[in-house]
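Single-structure report; data block below.
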Amino acid sequence: MKIVEYPNEILRKISEEIKDPTSVEIKQLILDMIQTLRSNNGLGLAAPQIGKNLRICIIEIENELFVLINPEIKTLSKEKIPSEEGCLSIPNKFLNIQRHKRVKVKATDLNGKKQIIRARGLLARAIQHEIDHLNGVLIVDRVNENR
Ligand SMILES: [Zn+2]
């Protein structure tokens with residue numbers, strides 16, 4: 001699927017909660033997202049990036065795939081670390097963004113089961129980036145938080 005690019009207003013909307021995470025439509029949407037992520041060599045993708053304002057994001061790091069439906073951040077470490085970050089919706093732009101070092105997230109998985117993910121490093125960064133997308137927040141908004 002085609003990636004929605006900045007400054008399209010779809011990227012600015014607050015995405016909606018998924019009522020039925022195991023429906024055929026949601027399963028198909030997730031498959032489309034996985035295919036789109038891989039064909040663009042991305043690390044993560046949120047549903048608004050393929051034009052759907054729904055609370056789903058996927059992350060693939062070192063061949064491990066995470067599907068987060070209705071993700072909720074439970075805790076964030078106080079400590080933050082800066083790193084260069086890109087976004088498939090803002091091609092060829094890399095910005096230095098501060099992210100919390102560790103994050104604990106609750107989300108529903110592909111099978112409709114609730115999962116808790118405790119992440120650090122790149123996965124923690126990717127989770128924060130993708131959940132930002134579900135709230136209409138982009139790296140261009142975060143770049144001024146560096147201090
Ligand atoms: Zn992004």
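The way I read the labels, and the way they are meant: chains A, B, ... in the order of the structure tokens, residue 1 as the first residue of every chain, and ligand 1 as the first ligand shown, with later ones counted on from there.
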- Mind listing the residues within 8 Å of ligand 1, only C-alpha atoms and all ligand atoms counted, as a list of chain:residue names?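 Using only C-alpha atoms and all ligand atoms, everything at most 8 Å from ligand 1 comes to A:Gly44, A:Leu45, A:Ala46, A:Gln49, A:Gly86, A:Cys87, A:Leu88, A:Ser89, A:Ile90, A:His129, A:Glu130, A:His133, A:Leu138, A:Ile139.
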Using N, CA, C and O atoms, can you write the selected residues to a file as an mmCIF file, in the first residue's frame?
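Okay, selection18.cif is ready:
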data_model
loop_
_atom_site.group_PDB
_atom_site.id
_atom_site.type_symbol
_atom_site.label_atom_id
_atom_site.label_comp_id
_atom_site.auth_asym_id
_atom_site.auth_seq_id
_atom_site.Cartn_x
_atom_site.Cartn_y
_atom_site.Cartn_z
ATOM 1 N N GLY A 44 9.106 0.227 11.583
ATOM 2 C CA GLY A 44 7.783 0.290 12.193
ATOM 3 C C GLY A 44 6.810 1.017 11.289
ATOM 4 O O GLY A 44 7.210 1.796 10.416
ATOM 5 N N LEU A 45 5.529 0.718 11.504
ATOM 6 C CA LEU A 45 4.485 1.344 10.690
ATOM 7 C C LEU A 45 3.207 1.428 11.528
ATOM 8 O O LEU A 45 2.854 0.478 12.224
ATOM 9 N N ALA A 46 2.547 2.564 11.453
ATOM 10 C CA ALA A 46 1.273 2.738 12.152
ATOM 11 C C ALA A 46 0.166 2.850 11.101
ATOM 12 O O ALA A 46 0.407 3.341 9.990
ATOM 13 N N GLN A 49 -0.452 5.645 8.625
ATOM 14 C CA GLN A 49 0.517 5.790 7.537
ATOM 15 C C GLN A 49 0.085 5.082 6.255
ATOM 16 O O GLN A 49 0.670 5.298 5.203
ATOM 17 N N GLY A 86 14.164 8.363 11.803
ATOM 18 C CA GLY A 86 13.505 8.649 10.531
ATOM 19 C C GLY A 86 12.065 8.178 10.590
ATOM 20 O O GLY A 86 11.624 7.603 11.584
ATOM 21 N N CYS A 87 11.318 8.455 9.527
ATOM 22 C CA CYS A 87 9.911 8.072 9.462
ATOM 23 C C CYS A 87 9.552 7.838 7.999
ATOM 24 O O CYS A 87 9.898 8.656 7.142
ATOM 25 N N LEU A 88 8.867 6.730 7.719
ATOM 26 C CA LEU A 88 8.503 6.429 6.326
ATOM 27 C C LEU A 88 7.601 7.509 5.733
ATOM 28 O O LEU A 88 7.564 7.681 4.519
ATOM 29 N N SER A 89 6.897 8.250 6.582
ATOM 30 C CA SER A 89 6.007 9.310 6.090
ATOM 31 C C SER A 89 6.730 10.638 5.856
ATOM 32 O O SER A 89 6.132 11.590 5.344
ATOM 33 N N ILE A 90 7.999 10.693 6.269
ATOM 34 C CA ILE A 90 8.799 11.909 6.056
ATOM 35 C C ILE A 90 10.120 11.458 5.417
ATOM 36 O O ILE A 90 11.151 11.376 6.092
ATOM 37 N N HIS A 129 7.700 5.997 18.980
ATOM 38 C CA HIS A 129 7.488 6.639 17.664
ATOM 39 C C HIS A 129 6.130 6.224 17.076
ATOM 40 O O HIS A 129 5.359 7.071 16.619
ATOM 41 N N GLU A 130 5.836 4.925 17.111
ATOM 42 C CA GLU A 130 4.599 4.438 16.477
ATOM 43 C C GLU A 130 3.356 4.853 17.266
ATOM 44 O O GLU A 130 2.333 5.191 16.672
ATOM 45 N N HIS A 133 2.285 8.219 16.360
ATOM 46 C CA HIS A 133 1.485 8.288 15.125
ATOM 47 C C HIS A 133 -0.011 8.137 15.409
ATOM 48 O O HIS A 133 -0.837 8.765 14.749
ATOM 49 N N LEU A 138 4.247 13.650 15.210
ATOM 50 C CA LEU A 138 5.319 13.259 14.281
ATOM 51 C C LEU A 138 6.685 13.714 14.809
ATOM 52 O O LEU A 138 6.757 14.584 15.687
ATOM 53 N N ILE A 139 7.743 13.158 14.226
ATOM 54 C CA ILE A 139 9.095 13.521 14.709
ATOM 55 C C ILE A 139 9.383 15.016 14.556
ATOM 56 O O ILE A 139 10.130 15.573 15.345
#
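With only C-alpha atoms taken into account, the protein and nucleic acid residues at most 7 Å from region 18-28 of chain A (excluding it and anything under 4 positions from it in its own chain) are Asp32, Leu54, Arg55, Asn70, Leu110, Asn111 and Gly112 of chain A.
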- Would you give me, as a ChimeraX atom specification, the residues in region 27-138 of chain A that DSSP reads as alpha helix (DSSP H)? /A:27-39,121-134
Write the residues of the selection above to a file with C-alpha atoms, as a PDB file, in the first residue's frame.
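That gives us again_10.pdb:
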ATOM      1  CA  LYS A  27      -6.441  -9.164  10.188  1.00  0.00           C
ATOM      2  CA  GLN A  28      -6.302  -8.083   6.551  1.00  0.00           C
ATOM      3  CA  LEU A  29      -5.241  -4.567   7.518  1.00  0.00           C
ATOM      4  CA  ILE A  30      -2.393  -5.977   9.612  1.00  0.00           C
ATOM      5  CA  LEU A  31      -1.259  -8.197   6.723  1.00  0.00           C
ATOM      6  CA  ASP A  32      -1.267  -5.153   4.431  1.00  0.00           C
ATOM      7  CA  MET A  33       0.755  -3.228   7.008  1.00  0.00           C
ATOM      8  CA  ILE A  34       3.349  -6.005   7.323  1.00  0.00           C
ATOM      9  CA  GLN A  35       3.747  -6.177   3.555  1.00  0.00           C
ATOM     10  CA  THR A  36       4.037  -2.380   3.290  1.00  0.00           C
ATOM     11  CA  LEU A  37       6.572  -2.208   6.122  1.00  0.00           C
ATOM     12  CA  ARG A  38       8.757  -4.886   4.542  1.00  0.00           C
ATOM     13  CA  SER A  39       8.575  -3.518   1.008  1.00  0.00           C
ATOM     14  CA  GLY A 121      16.876   0.447  23.277  1.00  0.00           C
ATOM     15  CA  LEU A 122      15.677   0.514  19.684  1.00  0.00           C
ATOM     16  CA  LEU A 123      12.418  -1.321  20.414  1.00  0.00           C
ATOM     17  CA  ALA A 124      11.505   1.194  23.135  1.00  0.00           C
ATOM     18  CA  ARG A 125      12.242   4.032  20.703  1.00  0.00           C
ATOM     19  CA  ALA A 126      10.186   2.436  17.912  1.00  0.00           C
ATOM     20  CA  ILE A 127       7.209   1.839  20.221  1.00  0.00           C
ATOM     21  CA  GLN A 128       7.193   5.501  21.299  1.00  0.00           C
ATOM     22  CA  HIS A 129       7.488   6.639  17.664  1.00  0.00           C
ATOM     23  CA  GLU A 130       4.599   4.438  16.477  1.00  0.00           C
ATOM     24  CA  ILE A 131       2.277   5.278  19.371  1.00  0.00           C
ATOM     25  CA  ASP A 132       2.932   8.956  18.607  1.00  0.00           C
ATOM     26  CA  HIS A 133       1.485   8.288  15.125  1.00  0.00           C
ATOM     27  CA  LEU A 134      -1.763   7.051  16.700  1.00  0.00           C
TER      28      LEU A 134
END
- Task: Mind the document's chain letters and residue numbers, and return as a PyMOL selection string the residues of chain A that DSSP labels strand (DSSP E or B).
- Result: chain A and resi 16+44-46+54+56-61+64-76+80-87+90-100+102-108+114-120
- Of the residues A:Asn41, A:Ile3, A:Ile14, A:Val103, which is the one nearest to Lys78 (chain A), using only C-alpha atoms?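 Of A:Asn41, A:Ile3, A:Ile14, A:Val103, the one nearest Lys78 (chain A) is A:Val103, counting only C-alpha atoms.
Counting only C-alpha atoms, the residue from A:Val4, A:Glu17, A:Glu85, A:His100 that sits nearest to Pro71 (chain A) is A:Glu17.
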- Query: Could you pull the residues within 8 Å of Glu145 (chain A), counting only C-alpha atoms, minus those fewer than 3 positions along the same chain, as an MDAnalysis selection string?
  - Reply: chainID A and resid 97:98 142
How would the residues just chosen look if you wrote them out with N, CA and C atoms as a short mmCIF file (atom, residue, chain, number, x, y, z; two decimals), in the first residue's frame?
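Output saved as out33.cif:
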data_model
loop_
_atom_site.label_atom_id
_atom_site.label_comp_id
_atom_site.auth_asym_id
_atom_site.auth_seq_id
_atom_site.Cartn_x
_atom_site.Cartn_y
_atom_site.Cartn_z
N ILE A 97 16.09 12.85 18.07
CA ILE A 97 14.91 12.88 18.94
C ILE A 97 15.25 12.23 20.29
N GLN A 98 14.78 12.88 21.36
CA GLN A 98 14.91 12.31 22.71
C GLN A 98 13.76 11.34 22.95
N ARG A 142 8.57 16.56 17.76
CA ARG A 142 9.40 16.15 18.91
C ARG A 142 10.79 16.80 18.89
#
- Message: Give me, as a list in words, all polymer residues having an atom no more than 6 Å from Arg102 (chain A), counting only C-alpha atoms and skipping those fewer than 4 positions away in the same chain.
- Response: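 Non-adjacent residues within range: Leu76, Ser77, Ala119, Arg120 and Ala124 of chain A.
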For the residues in the current selection, export N, CA and C atoms as an mmCIF file, in the first residue's frame.
data_model
loop_
_atom_site.group_PDB
_atom_site.id
_atom_site.type_symbol
_atom_site.label_atom_id
_atom_site.label_comp_id
_atom_site.auth_asym_id
_atom_site.auth_seq_id
_atom_site.Cartn_x
_atom_site.Cartn_y
_atom_site.Cartn_z
ATOM 1 N N LEU A 76 7.058 4.838 31.670
ATOM 2 C CA LEU A 76 8.195 5.335 30.894
ATOM 3 C C LEU A 76 9.321 5.607 31.880
ATOM 4 N N SER A 77 10.539 5.251 31.506
ATOM 5 C CA SER A 77 11.667 5.575 32.383
ATOM 6 C C SER A 77 11.849 7.086 32.419
ATOM 7 N N ALA A 119 10.250 -2.902 27.014
ATOM 8 C CA ALA A 119 11.243 -2.695 25.971
ATOM 9 C C ALA A 119 12.283 -1.683 26.376
ATOM 10 N N ARG A 120 13.437 -1.812 25.777
ATOM 11 C CA ARG A 120 14.500 -0.823 25.934
ATOM 12 C C ARG A 120 15.186 -0.674 24.588
ATOM 13 N N ALA A 124 12.186 0.176 22.321
ATOM 14 C CA ALA A 124 11.505 1.194 23.135
ATOM 15 C C ALA A 124 11.312 2.472 22.319
#
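Taking only C-alpha atoms into account, Asn63 (chain A) lies nearest to A:Gly42 out of the set A:Tyr6, A:Asp109, A:Gly42, A:Val140.
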- Query: Any idea what the distance is between CA of Glu79 (chain A) and CA of Lys93 (chain A)?
  - Reply: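 Separating CA of Glu79 (chain A) from CA of Lys93 (chain A) is a distance of 25.3 Å.
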- Go ahead and compute the interatomic distance for CA of Ser83 (chain A) and CA of Asn96 (chain A), in Å to one decimal.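 We find that CA of Ser83 (chain A) and CA of Asn96 (chain A) lie 5.2 Å from each other.
Ranking A:Val137, A:Arg99, A:Met1, A:Thr108 by their shortest atom-to-atom distance to Ile58 (chain A), with only C-alpha atoms included, puts A:Thr108 first.
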- Which one is closest to Asn135 (chain A): A:Leu43, A:Ala107, A:Ile117, A:Leu11? Count only C-alpha atoms.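 Going through A:Leu43, A:Ala107, A:Ile117, A:Leu11 one by one, the smallest distance to Asn135 (chain A) is for A:Leu11.
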